[in-house]
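Okay, run.txt now, which holds compact mmCIF, C-alpha atoms and all ligand atoms:
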# COMPACT_ATOMS: atom_id res chain seq x y z
CA MET A 1 75.38 36.78 43.98
CA THR A 2 76.51 38.94 46.85
CA ASP A 3 74.23 40.91 49.13
CA ARG A 4 74.79 44.15 47.24
CA ILE A 5 73.19 44.26 43.83
CA LYS A 6 75.76 44.81 41.08
CA VAL A 7 74.27 47.02 38.38
CA LEU A 8 75.63 47.81 34.92
CA ILE A 9 74.18 50.85 33.15
CA VAL A 10 73.92 50.85 29.35
CA ASP A 11 72.90 54.06 27.57
CA ASP A 12 74.38 55.96 24.65
CA ILE A 13 73.64 59.38 26.21
CA PRO A 14 76.38 60.42 28.69
CA GLU A 15 74.00 62.60 30.77
CA THR A 16 71.63 59.68 31.28
CA ARG A 17 74.48 57.41 32.38
CA ASP A 18 75.69 60.04 34.88
CA HIS A 19 72.21 60.72 36.15
CA LEU A 20 71.43 57.04 36.71
CA THR A 21 74.83 56.46 38.34
CA LYS A 22 74.24 59.33 40.79
CA LEU A 23 70.69 58.25 41.51
CA LEU A 24 71.71 54.70 42.35
CA GLY A 25 74.73 55.98 44.32
CA PHE A 26 72.33 56.88 47.13
CA GLU A 27 71.19 53.29 47.59
CA SER A 28 73.10 51.33 50.20
CA ASP A 29 72.26 47.94 48.67
CA ILE A 30 73.13 48.81 45.07
CA ASP A 31 76.60 49.05 43.49
CA VAL A 32 76.95 50.58 40.05
CA VAL A 33 79.84 48.52 38.74
CA GLY A 34 80.06 50.17 35.33
CA ALA A 35 78.42 52.27 32.63
CA ALA A 36 78.62 51.35 28.97
CA ALA A 37 77.93 53.70 26.05
CA SER A 38 77.05 51.05 23.46
CA GLY A 39 75.77 47.51 23.12
CA ALA A 40 79.20 46.16 22.22
CA GLU A 41 80.80 47.85 25.23
CA ALA A 42 77.99 46.51 27.42
CA VAL A 43 78.73 42.91 26.42
CA THR A 44 82.48 43.31 27.08
CA MET A 45 81.85 44.92 30.46
CA ALA A 46 79.21 42.37 31.45
CA VAL A 47 81.54 39.48 30.73
CA ALA A 48 84.26 41.12 32.86
CA LEU A 49 82.10 42.43 35.71
CA VAL A 50 79.30 39.83 35.90
CA PRO A 51 76.58 42.26 37.02
CA ASP A 52 73.39 41.00 38.64
CA VAL A 53 71.21 43.53 36.85
CA VAL A 54 71.75 45.42 33.58
CA LEU A 55 69.82 48.65 33.02
CA MET A 56 69.48 48.72 29.26
CA ASP A 57 68.44 51.58 27.00
CA ILE A 58 66.38 50.22 24.12
CA ASN A 59 67.25 52.86 21.50
CA MET A 60 70.97 52.97 20.79
CA PRO A 61 72.85 53.41 17.52
CA ASP A 62 74.64 50.32 16.15
CA MET A 63 73.43 47.48 18.34
CA ASP A 64 70.10 48.33 20.02
CA GLY A 65 69.03 47.23 23.49
CA ILE A 66 67.10 44.22 22.21
CA ALA A 67 70.00 42.80 20.20
CA THR A 68 72.34 43.49 23.14
CA THR A 69 69.98 41.66 25.50
CA GLU A 70 69.94 38.65 23.19
CA LEU A 71 73.71 38.59 23.14
CA LEU A 72 73.95 39.00 26.91
CA ALA A 73 71.68 35.98 27.36
CA VAL A 74 74.45 33.92 25.79
CA LYS A 75 77.55 35.76 27.04
CA CYS A 76 76.45 36.60 30.58
CA PRO A 77 73.37 34.52 31.34
CA THR A 78 73.21 35.39 35.03
CA ALA A 79 72.61 39.09 34.34
CA ALA A 80 68.94 40.12 34.47
CA VAL A 81 68.06 42.89 32.05
CA VAL A 82 65.77 45.81 32.90
CA MET A 83 64.83 47.51 29.65
CA MET A 84 64.37 51.28 29.55
CA SER A 85 62.36 52.88 26.78
CA VAL A 86 60.58 56.10 25.97
CA GLN A 87 57.99 54.02 24.19
CA GLY A 88 55.69 51.68 26.05
CA GLU A 89 54.27 49.94 23.02
CA ALA A 90 53.21 46.33 23.13
CA ASP A 91 55.54 45.40 20.31
CA TYR A 92 58.59 46.80 22.11
CA LEU A 93 57.54 45.05 25.24
CA ARG A 94 56.98 41.79 23.45
CA ARG A 95 60.27 41.91 21.59
CA SER A 96 62.15 42.77 24.78
CA MET A 97 60.45 39.91 26.54
CA LEU A 98 61.35 37.45 23.84
CA ALA A 99 64.94 38.73 23.91
CA GLY A 100 65.07 37.79 27.59
CA ALA A 101 64.52 41.07 29.45
CA ARG A 102 62.88 40.85 32.88
CA GLU A 103 61.38 44.28 33.33
CA PHE A 104 60.35 47.17 31.18
CA LEU A 105 60.57 50.74 32.48
CA VAL A 106 59.01 53.55 30.48
CA LYS A 107 60.97 56.83 30.66
CA PRO A 108 60.63 59.09 32.51
CA PHE A 109 60.49 56.98 35.66
CA SER A 110 60.97 57.97 39.28
CA SER A 111 63.98 56.88 41.30
CA ASP A 112 61.62 54.85 43.48
CA GLU A 113 60.31 52.98 40.45
CA LEU A 114 63.85 52.37 39.27
CA THR A 115 65.19 51.02 42.54
CA ALA A 116 62.05 48.97 43.17
CA SER A 117 62.43 47.35 39.75
CA ILE A 118 66.09 46.56 40.30
CA ARG A 119 65.39 45.00 43.68
CA GLN A 120 62.44 43.02 42.40
CA VAL A 121 64.27 41.66 39.40
CA TRP A 122 67.21 40.71 41.55
CA ALA A 123 65.04 38.99 44.15
CA ARG A 124 63.21 37.08 41.43
CA GLU A 125 66.47 36.01 39.86
CA ARG A 126 67.76 34.67 43.16
CA ASP A 127 64.49 32.89 43.68
CA LYS A 128 64.72 31.39 40.21
CA GLN A 129 68.25 30.14 40.82
CA SER A 130 67.12 28.36 43.95
CA ARG A 131 64.14 26.90 42.10
CA ILE A 132 66.44 25.48 39.48
CA THR A 133 68.75 23.85 41.99
CA ALA A 134 66.08 22.72 44.51
CA PRO A 135 64.53 19.86 42.47
CA ILE A 136 67.96 18.40 41.77
CA ALA A 137 68.89 18.56 45.43
CA ALA A 138 65.57 16.97 46.37
CA ALA A 139 65.98 14.21 43.79
CA ALA A 140 69.55 13.61 44.96
CA ALA A 141 68.36 13.29 48.53
CA GLY A 142 65.72 10.83 47.39
CA ALA A 143 63.11 13.06 48.93
CA SER A 144 59.67 11.87 47.95
CA THR A 145 56.87 10.90 50.25
CA ALA A 146 53.68 9.03 49.93
CA SER A 147 51.32 9.32 47.03
CA THR A 148 49.31 6.17 46.38
CA SER A 149 51.95 4.87 44.03
CA GLY A 150 54.75 5.92 46.38
CA GLU A 151 56.13 7.99 43.54
CA PRO A 152 55.80 11.70 42.97
CA GLY A 153 52.63 12.50 41.08
CA ILE A 154 52.10 14.54 37.98
CA VAL A 155 51.30 18.24 38.03
CA VAL A 156 48.80 19.50 35.50
CA ALA A 157 48.48 23.27 35.15
CA ILE A 158 45.26 24.63 33.69
CA PHE A 159 46.29 27.81 32.01
CA SER A 160 45.10 30.35 29.51
CA PRO A 161 46.66 33.64 28.50
CA LYS A 162 43.13 35.06 28.55
CA GLY A 163 40.59 35.00 31.40
CA GLY A 164 37.03 33.77 31.28
CA VAL A 165 37.64 30.82 28.97
CA GLY A 166 36.72 28.17 31.52
CA ARG A 167 39.93 27.36 33.40
CA THR A 168 38.27 27.07 36.79
CA THR A 169 35.32 25.15 35.36
CA ILE A 170 37.61 22.63 33.67
CA ALA A 171 40.10 22.43 36.55
CA VAL A 172 37.40 21.57 39.10
CA ASN A 173 35.57 19.05 36.93
CA LEU A 174 38.78 17.49 35.68
CA ALA A 175 39.95 16.89 39.25
CA VAL A 176 36.59 15.41 40.21
CA ALA A 177 36.53 13.21 37.09
CA ALA A 178 40.08 11.99 37.76
CA ALA A 179 39.14 11.13 41.36
CA SER A 180 36.10 9.20 40.08
CA LEU A 181 38.39 6.90 38.10
CA GLY A 182 39.57 5.56 41.46
CA GLY A 183 42.89 4.43 42.81
CA ARG A 184 44.52 7.82 42.80
CA ARG A 185 45.00 10.64 45.24
CA VAL A 186 43.95 13.81 43.47
CA ALA A 187 44.65 17.34 44.68
CA LEU A 188 43.29 20.61 43.33
CA MET A 189 45.16 23.84 44.00
CA ASP A 190 43.61 27.24 43.39
CA ALA A 191 46.52 29.37 42.16
CA SER A 192 44.31 32.35 41.29
CA PHE A 193 45.50 33.83 44.55
CA GLN A 194 43.68 37.13 44.18
CA PHE A 195 40.32 36.03 42.86
CA GLY A 196 40.12 32.31 43.33
CA ASP A 197 36.80 30.72 42.37
CA VAL A 198 37.46 27.07 43.14
CA GLY A 199 35.85 27.36 46.59
CA VAL A 200 32.67 28.78 45.04
CA LEU A 201 32.37 26.02 42.44
CA LEU A 202 32.75 23.42 45.20
CA ASN A 203 30.61 25.31 47.72
CA LEU A 204 33.39 25.35 50.31
CA ASN A 205 33.34 27.69 53.26
CA PRO A 206 35.73 30.61 52.59
CA LYS A 207 36.58 30.58 56.29
CA ASN A 208 38.54 27.40 55.64
CA LYS A 209 42.30 27.59 55.70
CA SER A 210 43.97 28.56 52.44
CA ILE A 211 47.33 28.68 50.78
CA ALA A 212 47.92 31.99 52.59
CA ASP A 213 47.97 30.12 55.91
CA LEU A 214 50.25 27.50 54.43
CA ALA A 215 52.60 30.17 53.04
CA ASN A 216 52.69 31.71 56.48
CA GLN A 217 53.61 28.37 58.00
CA LEU A 218 56.30 27.82 55.34
CA GLU A 219 58.06 30.93 56.60
CA ALA A 220 58.49 29.18 59.93
CA GLY A 221 59.48 25.83 58.44
CA GLU A 222 58.17 22.86 56.49
CA PRO A 223 54.85 21.67 57.99
CA ASP A 224 54.74 17.97 58.93
CA GLU A 225 51.50 17.42 57.13
CA LEU A 226 49.18 19.38 54.89
CA ASP A 227 45.96 17.92 56.23
CA SER A 228 45.02 20.99 58.19
CA TYR A 229 45.35 23.20 55.10
CA VAL A 230 43.72 20.92 52.58
CA ILE A 231 39.96 20.36 52.49
CA ASN A 232 38.58 16.93 51.68
CA HIS A 233 35.74 17.39 49.20
CA SER A 234 33.03 14.72 49.03
CA SER A 235 34.26 13.76 45.55
CA GLY A 236 37.53 12.63 47.10
CA VAL A 237 39.47 15.61 45.75
CA ARG A 238 41.77 17.32 48.23
CA VAL A 239 41.44 21.06 47.78
CA LEU A 240 43.88 23.83 48.64
CA LEU A 241 41.93 27.07 48.45
CA ALA A 242 43.06 30.53 47.40
CA PRO A 243 42.97 33.20 50.12
CA SER A 244 39.57 34.68 50.87
CA SER A 245 40.80 38.25 50.38
CA PRO A 246 43.14 39.80 47.78
CA GLU A 247 45.34 41.42 50.48
CA GLN A 248 46.33 37.99 51.73
CA ALA A 249 47.26 37.02 48.19
CA GLU A 250 50.08 39.55 48.20
CA LEU A 251 51.87 37.62 50.91
CA ILE A 252 52.24 34.54 48.72
CA THR A 253 55.56 34.61 46.90
CA ALA A 254 56.63 32.69 43.83
CA ALA A 255 58.86 30.57 46.07
CA HIS A 256 55.88 29.66 48.26
CA ALA A 257 53.82 28.66 45.23
CA ARG A 258 56.61 26.49 43.95
CA ARG A 259 57.15 24.77 47.29
CA VAL A 260 53.45 24.11 47.71
CA VAL A 261 53.20 22.55 44.25
CA GLU A 262 56.14 20.26 44.96
CA ARG A 263 54.74 19.30 48.33
CA LEU A 264 51.36 18.46 46.80
CA ARG A 265 53.12 16.48 44.09
CA ALA A 266 54.94 14.42 46.68
CA GLU A 267 51.70 13.53 48.47
CA ASN A 268 49.36 12.96 45.52
CA ASP A 269 49.25 11.10 42.23
CA LEU A 270 47.72 13.99 40.34
CA VAL A 271 47.82 17.68 41.16
CA VAL A 272 45.52 19.94 39.14
CA VAL A 273 46.38 23.63 39.39
CA ASP A 274 43.94 26.36 38.38
CA CYS A 275 46.31 29.13 37.21
CA PRO A 276 45.59 32.83 36.75
CA SER A 277 45.94 34.26 33.25
CA SER A 278 48.53 36.84 34.29
CA PHE A 279 52.14 35.99 33.63
CA ASN A 280 53.71 36.66 36.97
CA ASP A 281 56.54 34.89 38.68
CA ALA A 282 54.30 32.57 40.66
CA THR A 283 52.46 31.48 37.52
CA LEU A 284 55.73 31.03 35.68
CA GLY A 285 57.07 28.90 38.53
CA ILE A 286 53.98 26.68 38.41
CA LEU A 287 54.15 26.34 34.62
CA ASP A 288 57.83 25.43 34.94
CA SER A 289 57.05 22.75 37.53
CA ALA A 290 54.11 21.33 35.62
CA ASP A 291 54.44 18.11 33.66
CA LEU A 292 51.51 19.12 31.50
CA ILE A 293 50.03 22.50 30.72
CA LEU A 294 46.45 22.22 29.54
CA THR A 295 46.15 25.49 27.71
CA LEU A 296 42.56 26.55 27.24
CA LEU A 297 41.27 28.52 24.34
CA SER A 298 37.91 29.50 22.97
CA LEU A 299 36.64 30.38 19.54
CA GLU A 300 37.33 34.08 19.95
CA ILE A 301 39.83 36.23 18.13
CA THR A 302 41.38 37.59 21.34
CA SER A 303 41.85 34.12 22.76
CA ILE A 304 43.53 32.97 19.55
CA LYS A 305 45.83 35.99 19.36
CA ASN A 306 46.99 35.53 22.96
CA MET A 307 47.47 31.83 22.37
CA ARG A 308 49.85 32.50 19.51
CA LEU A 309 51.91 34.79 21.72
CA PHE A 310 51.90 32.25 24.55
CA LEU A 311 53.06 29.42 22.31
CA GLU A 312 55.90 31.61 21.10
CA VAL A 313 56.94 32.41 24.65
CA ALA A 314 56.60 28.76 25.73
CA GLU A 315 59.05 27.81 23.03
CA GLN A 316 61.49 30.44 24.27
CA LEU A 317 61.13 29.00 27.76
CA GLY A 318 62.21 25.63 26.46
CA TYR A 319 58.87 23.88 27.06
CA GLY A 320 58.78 20.87 24.79
CA ALA A 321 55.85 20.36 22.44
CA GLY A 322 54.56 17.46 24.55
CA LYS A 323 54.29 19.60 27.67
CA ILE A 324 51.58 21.78 26.22
CA ARG A 325 48.17 20.46 25.22
CA LEU A 326 45.57 22.65 23.64
CA VAL A 327 42.06 22.31 24.97
CA LEU A 328 39.35 24.08 23.04
CA ASN A 329 36.48 24.91 25.36
CA ARG A 330 32.97 25.53 24.03
CA ALA A 331 34.25 24.00 20.82
CA ASP A 332 30.82 23.81 19.23
CA SER A 333 29.97 27.48 19.60
CA THR A 334 28.84 28.84 16.27
CA LEU A 335 30.37 32.25 16.37
CA GLY A 336 31.84 32.43 12.90
CA ILE A 337 35.25 30.90 13.66
CA ARG A 338 35.81 27.24 12.88
CA VAL A 339 38.21 24.90 14.66
CA ALA A 340 40.19 24.51 11.43
CA ASP A 341 40.64 28.30 11.28
CA VAL A 342 42.02 28.29 14.82
CA GLU A 343 44.42 25.47 14.07
CA HIS A 344 45.59 27.20 10.95
CA SER A 345 46.10 30.49 12.78
CA ILE A 346 48.14 29.05 15.66
CA GLY A 347 49.90 26.46 13.55
CA ARG A 348 48.95 23.58 15.85
CA LYS A 349 46.26 20.99 16.20
CA VAL A 350 43.81 21.21 19.06
CA ASP A 351 44.36 18.17 21.32
CA HIS A 352 41.06 18.06 23.21
CA THR A 353 37.67 19.65 22.87
CA ILE A 354 34.91 20.34 25.39
CA VAL A 355 31.41 21.20 24.23
CA SER A 356 29.49 24.24 25.31
CA ASP A 357 26.67 23.52 27.73
CA GLY A 358 25.55 26.68 29.46
CA ARG A 359 22.63 24.93 31.16
CA SER A 360 24.65 22.26 32.95
CA VAL A 361 27.66 24.44 33.61
CA VAL A 362 25.94 27.49 35.04
CA TYR A 363 23.36 25.46 36.99
CA ALA A 364 26.21 23.50 38.55
CA LEU A 365 28.14 26.67 39.31
CA ASN A 366 25.21 28.29 41.06
CA ARG A 367 24.57 25.18 43.16
CA GLY A 368 28.21 24.66 44.03
CA VAL A 369 28.13 21.09 42.74
CA PRO A 370 30.45 20.25 39.81
CA PHE A 371 28.49 19.25 36.70
CA PHE A 372 30.54 16.11 36.49
CA LEU A 373 28.80 14.99 39.71
CA SER A 374 25.31 16.37 39.11
CA ASN A 375 24.97 15.66 35.39
CA ARG A 376 27.32 12.83 34.58
CA GLU A 377 25.49 11.87 31.40
CA ALA A 378 25.83 15.27 29.75
CA GLN A 379 28.16 15.55 26.79
CA VAL A 380 30.23 18.16 28.62
CA SER A 381 30.86 15.63 31.43
CA GLN A 382 31.80 12.95 28.92
CA ASP A 383 34.28 15.34 27.31
CA VAL A 384 35.83 16.12 30.68
CA LEU A 385 36.04 12.41 31.49
CA ARG A 386 37.86 11.78 28.23
CA LEU A 387 40.29 14.56 29.09
CA ALA A 388 40.81 13.14 32.60
CA THR A 389 41.48 9.68 31.19
CA ALA A 390 44.08 11.10 28.82
CA VAL A 391 45.73 13.07 31.61
CA VAL A 392 45.95 10.26 34.17
CA GLY A 393 47.20 7.99 31.41
CA THR A 394 50.39 10.00 31.58
CA ALA A 395 52.62 7.77 33.68
CA PRO A 396 53.82 9.26 36.98
CA ALA A 397 57.46 10.27 36.82
CA THR A 398 59.81 7.81 38.46
CA ALA A 399 62.57 9.21 40.67
CA SER A 400 65.22 8.71 38.01
CA THR A 401 63.27 10.32 35.17
CA ALA A 402 62.34 13.15 37.51
CA SER A 403 65.95 13.97 38.23
CA ALA A 404 66.90 13.62 34.58
CA ALA A 405 64.09 16.00 33.72
CA ALA A 406 65.30 18.46 36.33
CA GLU A 407 68.82 18.31 34.96
CA SER A 408 67.83 18.81 31.37
CA LYS A 409 65.57 21.65 32.47
CA THR A 410 68.54 23.37 34.11
CA LYS A 411 70.53 22.99 30.93
CA ASP A 412 67.66 24.43 28.91
CA LYS A 413 67.47 27.34 31.27
CA ALA A 414 71.14 28.11 31.21
CA ALA A 415 71.27 27.88 27.45
CA ALA A 416 68.17 29.78 26.58
CA LYS A 417 67.97 32.08 29.59
CA LYS A 418 64.85 33.52 28.20
CA SER A 419 62.16 34.61 30.53
CA LEU A 420 58.84 36.30 30.88
CA PHE A 421 58.28 39.65 32.36
CA ALA A 422 56.30 39.96 35.46
CA TRP A 423 53.43 41.70 33.73
CA ARG A 424 52.16 44.24 36.17
N1 LIG A 501 31.95 24.29 28.40
C1 LIG A 501 31.25 25.34 28.84
N2 LIG A 501 29.96 25.51 28.48
C2 LIG A 501 29.24 26.56 28.91
N3 LIG A 501 29.72 27.51 29.73
C3 LIG A 501 30.98 27.41 30.14
C4 LIG A 501 31.82 26.32 29.74
N4 LIG A 501 33.03 26.47 30.31
C5 LIG A 501 32.96 27.60 31.04
N5 LIG A 501 31.74 28.16 30.94
C6 LIG A 501 31.31 29.43 31.58
O1 LIG A 501 32.23 30.45 31.24
C7 LIG A 501 32.42 31.33 32.33
C8 LIG A 501 33.90 31.44 32.65
O2 LIG A 501 34.35 30.20 33.17
P1 LIG A 501 35.51 30.13 34.27
O3 LIG A 501 35.75 28.70 34.51
O4 LIG A 501 35.19 30.99 35.45
O5 LIG A 501 36.69 30.77 33.44
P2 LIG A 501 38.17 31.22 33.92
O6 LIG A 501 38.50 30.46 35.15
O7 LIG A 501 39.05 30.89 32.76
O8 LIG A 501 38.12 32.71 34.14
C9 LIG A 501 31.59 30.81 33.48
O9 LIG A 501 30.38 31.52 33.53
C10 LIG A 501 31.36 29.36 33.10
O10 LIG A 501 30.16 28.88 33.65
MG MG A 502 38.99 31.22 37.08
What is this structure when it is put down as structure tokens?
Ligand SMILES: Nc1ncnc2c1ncn2[C@@H]1O[C@H](COP(=O)(O)OP(=O)(O)O)[C@@H](O)[C@H]1O
Ligand SMILES: [Mg+2]
Amino acid sequence: MTDRIKVLIVDDIPETRDHLTKLLGFESDIDVVGAAASGAEAVTMAVALVPDVVLMDINMPDMDGIATTELLAVKCPTAAVVMMSVQGEADYLRRSMLAGAREFLVKPFSSDELTASIRQVWARERDKQSRITAPIAAAAAGASTASTSGEPGIVVAIFSPKGGVGRTTIAVNLAVAAASLGGRRVALMDASFQFGDVGVLLNLNPKNKSIADLANQLEAGEPDELDSYVINHSSGVRVLLAPSSPEQAELITAAHARRVVERLRAENDLVVVDCPSSFNDATLGILDSADLILTLLSLEITSIKNMRLFLEVAEQLGYGAGKIRLVLNRADSTLGIRVADVEHSIGRKVDHTIVSDGRSVVYALNRGVPFFLSNREAQVSQDVLRLATAVVGTAPATASTASAAAESKTKDKAAAKKSLFAWR
């Protein structure tokens, strides 16, 4: 990629092509390298011109924008597609996403929106390229520092495509339970940058340093040690808090998040990450880095629907079946949906279950003491302990398997080249 962003325009209407070409002509950092009138022409031109960004009309006769995007993913995988549509329906968005588009603009859009999208998509793509090559470079350099085992630890992302299902609750108690097993350095990272709750559940002072301070430091260079950013909780868990205000969250880029995860991995045996439910680039980077994604669901129709969509997307991203584990929280709720119904609907077995225990959970939350510490005998604590035992039973990656994993990941990426939107 050069410094100027090479853009290919694809639209069957000549006036639209001219209009977009003129509009982008005013931008000093953007070069319109071509304009194609059909999907077939777009593929030929993309192969010849290797654009960084393709502006793609969704409705075209013959091959539509979605089919063209799918083909481009194979023929010109480095081109990032920005889909343009007069419709903003969820189905269009979803199909574009699964085809590999990176952004979705609903016509009419302003020139500011257009140029901002192009720049964002391009920046993300560059970031992604560096993320793909960085782990290989690090593995090649033999760069791994001290966890207890001397080997890089495992990263476990706690994720759910829907909020309020218990990610933070499980993340905090899982980390504490894992630390209680002894012999391991356990870190907990709050990746809900905007509205992180980890500090509340652990009763930590929000004036403590957070990932925002660490991100700031990363701009200046790699810090020697993380001790001044990480808080030692009495349970033994080392906590990296989310920023105390949402404005600070905006300063944390996907690249920062990725670097922080890898740094924590190098220094700990287990890194538990409490992820937000939004699919943005930072979340995607964390899910990519994770060895395990504990995907939480509840016995609610909306949770199940979103889970189906997530599993579909995870497959497109090349995540193997073993990387994702389904954790059903509040599994004993009697709300009319049975576990078997859920499994049937999503076409997968639930791997772990956690019972519902409003008394222990909410009491613990309000006191700022994890229920695993205050009410160890409760069934909910036992369930979390079983989950922790299963998770830490996953052997830490050795240097050689780590680099093999990074290589195969790169291959997956290049082949599939499918990605999520940043859902804004
Ligand atoms: N197993 C459980 N039993 C009872 N209440 C729970 C359980 N897990 C979570 N909760 C409650 O559900 C709410 C949402 O949990 P939280 O961890 O904040 O979800 P998320 O991080 O996914 O938004 C909280 O009020 C929490 O106390
Ligand atoms: Mg949360």
Surrounding residues as a PyMOL selection string, ligand MG 502 (chain A), max 8 Å, all atoms listed in the file: chain A and resi 163-164+166-169+192+195-198+274-276
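When only C-alpha atoms and all ligand atoms are used to compute distances to ligand LIG 501 (chain A), the closest of the residues A:Ala171, A:Val272, A:Leu373, A:Ile154 turns out to be A:Ala171.
Restricting the calculation to only C-alpha atoms, the smallest distance between Gln194 of chain A and any of A:Ala249, A:Val43, A:Ala215, A:Leu174 is found for A:Ala249.
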Polymer residues at most 12 Å from Asn366 of chain A, all atoms listed in the file, same-chain spacing of 3 or more positions, as a PyMOL selection string: chain A and resi 197+200-203+358-363+369-371
With C-alpha atoms kept, could you save the residues just selected as a PDB file, keeping the file's coordinate frame?
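Resulting contents of part21.pdb:
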ATOM      1  CA  ASP A 197      36.800  30.720  42.370  1.00  0.00           C
ATOM      2  CA  VAL A 200      32.670  28.780  45.040  1.00  0.00           C
ATOM      3  CA  LEU A 201      32.370  26.020  42.440  1.00  0.00           C
ATOM      4  CA  LEU A 202      32.750  23.420  45.200  1.00  0.00           C
ATOM      5  CA  ASN A 203      30.610  25.310  47.720  1.00  0.00           C
ATOM      6  CA  GLY A 358      25.550  26.680  29.460  1.00  0.00           C
ATOM      7  CA  ARG A 359      22.630  24.930  31.160  1.00  0.00           C
ATOM      8  CA  SER A 360      24.650  22.260  32.950  1.00  0.00           C
ATOM      9  CA  VAL A 361      27.660  24.440  33.610  1.00  0.00           C
ATOM     10  CA  VAL A 362      25.940  27.490  35.040  1.00  0.00           C
ATOM     11  CA  TYR A 363      23.360  25.460  36.990  1.00  0.00           C
ATOM     12  CA  VAL A 369      28.130  21.090  42.740  1.00  0.00           C
ATOM     13  CA  PRO A 370      30.450  20.250  39.810  1.00  0.00           C
ATOM     14  CA  PHE A 371      28.490  19.250  36.700  1.00  0.00           C
TER      15      PHE A 371
END
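What separates atom CA of Arg119 of chain A from atom CA of Lys107 of chain A is a distance of 18.1 Å.
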Near-segment 228-242 of chain A list (8 Å; only C-alpha atoms; drop same-chain fewer than 2 positions) as a ChimeraX atom specification: /A:175-176,179-180,185-196,198-199,202,208-214,225-226,244,249
Among listed residues A:Gly39, A:Gly336, A:Pro77, A:Gly25, nearest Asp62 of chain A (using all atoms listed in the file): A:Gly39
Between atom CA of Leu294 of chain A and atom CA of Arg265 of chain A, distance in Å (one decimal): 17.0 Å
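For the pair atom CA of Met60 of chain A and atom CA of Ser38 of chain A, the separation is 6.9 Å.
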